[in-house]
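The structure appears right after this line, and notes come after that.
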Amino acid sequence: MNETEVVLNNGVVMPKIGYGVFRMTDQAVCEEAVVQAIRSGYRLIDTAAAYGNEEAVGRAIRRCGVPRDELFVTTKLWIPDISYDGAKRGFAESMEKLGLNLIDLFVIHQPYHDVFGAWRALEELYAAGKARAIGVDNFTQDRLADFLFWTRVKPAVNLLECNPFFQREDELAYLKSLGIQMQAWSPLSAGQNDLFHNETLCEIGAAHKKTAAQVVLRWLTQRGVAPLVKSSDPQRMKENLDIFDFTLAESEMRRIAGLDTGRTCFMPRNTGAAVTAFLEQAVTGSAPSGKVTDKPQK
Ligand SMILES: NC(=O)c1ccc[n+]([C@@H]2O[C@H](COP(=O)([O-])OP(=O)(O)OC[C@H]3O[C@@H](n4cnc5c(N)ncnc54)[C@H](OP(=O)(O)O)[C@@H]3O)[C@@H](O)[C@H]2O)c1
């Protein structure tokens with residue numbers, strides 16, 4: 001274990017920074033990007049059944065030149081499969097597409113449908129040694145508290161949107177109190193709110209000879225959050241990993257805290273109508289791949 005890794009609540013070691021492939025729907029582009037990312041130094045690859053690119057990720061894993069046991073691969077169970085039987089089927093399909101017989105982290109992608117049935121199946125996969133860790137995704141603390149009350153194995157991670165404009169301090173404190181690792185999705189807000197040119201982030205970056213993106217990724221890891229970041233550019237892939245040679249001062253952390261808006265950078269799903277529309281898209285198959293889900297607000 002070194003400073004680029006975290007230990008999950010079941011003892012499994014996970015890289016702090018992961019490479020995400022959401023919205024990479026072109027298979028060849030995705031395969032090349034993952035090979036490039038691994039060669040740039042990433043050891044965690046974050047995909048999902050809903051991203052439609054598990055086969056490309058699997059091909060990249062086989063040809064990247066890094067042994068499988070040095071990589072940490074995450075995939076996720078999509079909404080129609082979130083049930084006991086669906087989870088068994090979804091897991092088998094994901095493993096076949098990835099060409100793997102062991103997944104490092106298998107998570108329930110959204111807190112909808114039969115999450116309790118699905119979790120029983122995930123617990124069985126974990127007990128059988130087919131998943132090294134199991135977790136949840138997009139579970140806000142009200143849903144997570146209910147989930148934990150009725151389940152046996154505690155999730156190792158919870159994935160949440162987390163970036164300077166939506167900092168989730170309350171969610172992070174709750175997860176820390178439970179020993180559940182928070183992974184941040186869209187840590188750079190997918191560029192929303194002009195993050196890369198934000199004055200505060202650029203000023204702090206200039207003081208450390210770092211970019212705004214590096215400041216954000218460092219800020220997340222200093223808070224104990226593990227970011228999942230995406231870039232299709234080899235230089236930026238490397239840049240996003242190069243955050244372990246500087247430390248943000250308390251005063252800089254406080255300045256970044258001041259950027260919080262308390263609101264998602266994407267389409268909120270906090271109303272009945274929004275969740276219903278989202279579920280309809282998921283069930284009809286129009287929501288995978290990011291065309292509809294997590295659409296930027298502007
Ligand atoms: N579980 C979930 O519900 C969920 C939801 C959303 C995302 N995720 C995960 O989180 C990952 C990352 O999220 P994301 O792709 O939405 O957003 P992100 O990583 O916050 O931002 C990606 C965007 O930032 C740009 N970028 C990256 N590094 C940069 C740098 N150093 N300087 C300037 N621009 C930079 C990228 O452009 P270039 O490619 O041109 O560099 C891309 O447009 C996803 O791929 C996925 O694995 C999970």
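We label chains A, B, ... in the order they appear in the structure tokens, count residues from 1 in each chain, and number ligands from 1 in the order shown.
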Residues of chain A within 6 Å of ligand 1: nearest atom pair and distance (Å, one decimal) for each, counting only C-alpha atoms and all ligand atoms, sorted by chain and number, as CSV?
residue,atom,partner,partner_atom_place_in_ligand_line,distance
A:Gly20,CA,ligand 1,47 (O),3.0
A:Val21,CA,ligand 1,45 (O),4.0
A:Phe22,CA,ligand 1,45 (O),3.8
A:Asp46,CA,ligand 1,47 (O),4.8
A:Thr47,CA,ligand 1,47 (O),5.8
A:Asp137,CA,ligand 1,1 (N),5.7
A:Leu159,CA,ligand 1,1 (N),5.8
A:Trp185,CA,ligand 1,10 (O),3.7
A:Ser186,CA,ligand 1,20 (O),3.3
A:Pro187,CA,ligand 1,20 (O),4.2
A:Leu188,CA,ligand 1,20 (O),3.3
A:Ser189,CA,ligand 1,20 (O),4.2
A:Ala190,CA,ligand 1,21 (O),3.3
A:Gly191,CA,ligand 1,24 (O),5.1
A:Phe196,CA,ligand 1,33 (C),5.9
A:Ala213,CA,ligand 1,31 (N),4.9
A:Leu228,CA,ligand 1,10 (O),4.7
A:Val229,CA,ligand 1,19 (O),3.6
A:Lys230,CA,ligand 1,19 (O),4.0
A:Ser231,CA,ligand 1,39 (O),3.3
A:Ser232,CA,ligand 1,39 (O),3.7
A:Asp233,CA,ligand 1,41 (O),4.9
A:Arg236,CA,ligand 1,31 (N),4.5
A:Glu239,CA,ligand 1,31 (N),5.8
A:Asn240,CA,ligand 1,31 (N),5.5
| message | Need the shell around Tyr19 in chain A: protein/DNA/RNA residues with any atom at most 12 Å away, counting only C-alpha atoms. Skip same-chain ones fewer than 4 positions apart. Format as a ChimeraX atom specification? | response | /A:15,24,30,33-47,57,71-74,183-187,226-232,236-238,240-241
| A:Asn163, A:Gly179, A:Pro67, A:Ile79: which is nearest Leu217 in chain A, counting only C-alpha atoms? |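 The answer is A:Asn163, which sits nearest to Leu217 in chain A.
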| task | as a count of residues only, please: all residues of range 22-91 of chain A that backbone DSSP puts in alpha helix (DSSP H). | result | 32
| query | Could you pull out all residues of range 6-222 of chain A with a DSSP call of strand (DSSP E or B) and give them as number ranges by chain? | reply | A: 6-7, 13-15, 18-20, 44-46, 72-77, 103-108, 131-137, 157-161, 163, 166, 181-185
| query | Counting only C-alpha atoms, what is within 12 Å of Gly52 in chain A, bar same-chain residues fewer than 2 positions away, as a count of residues only? | reply | 32
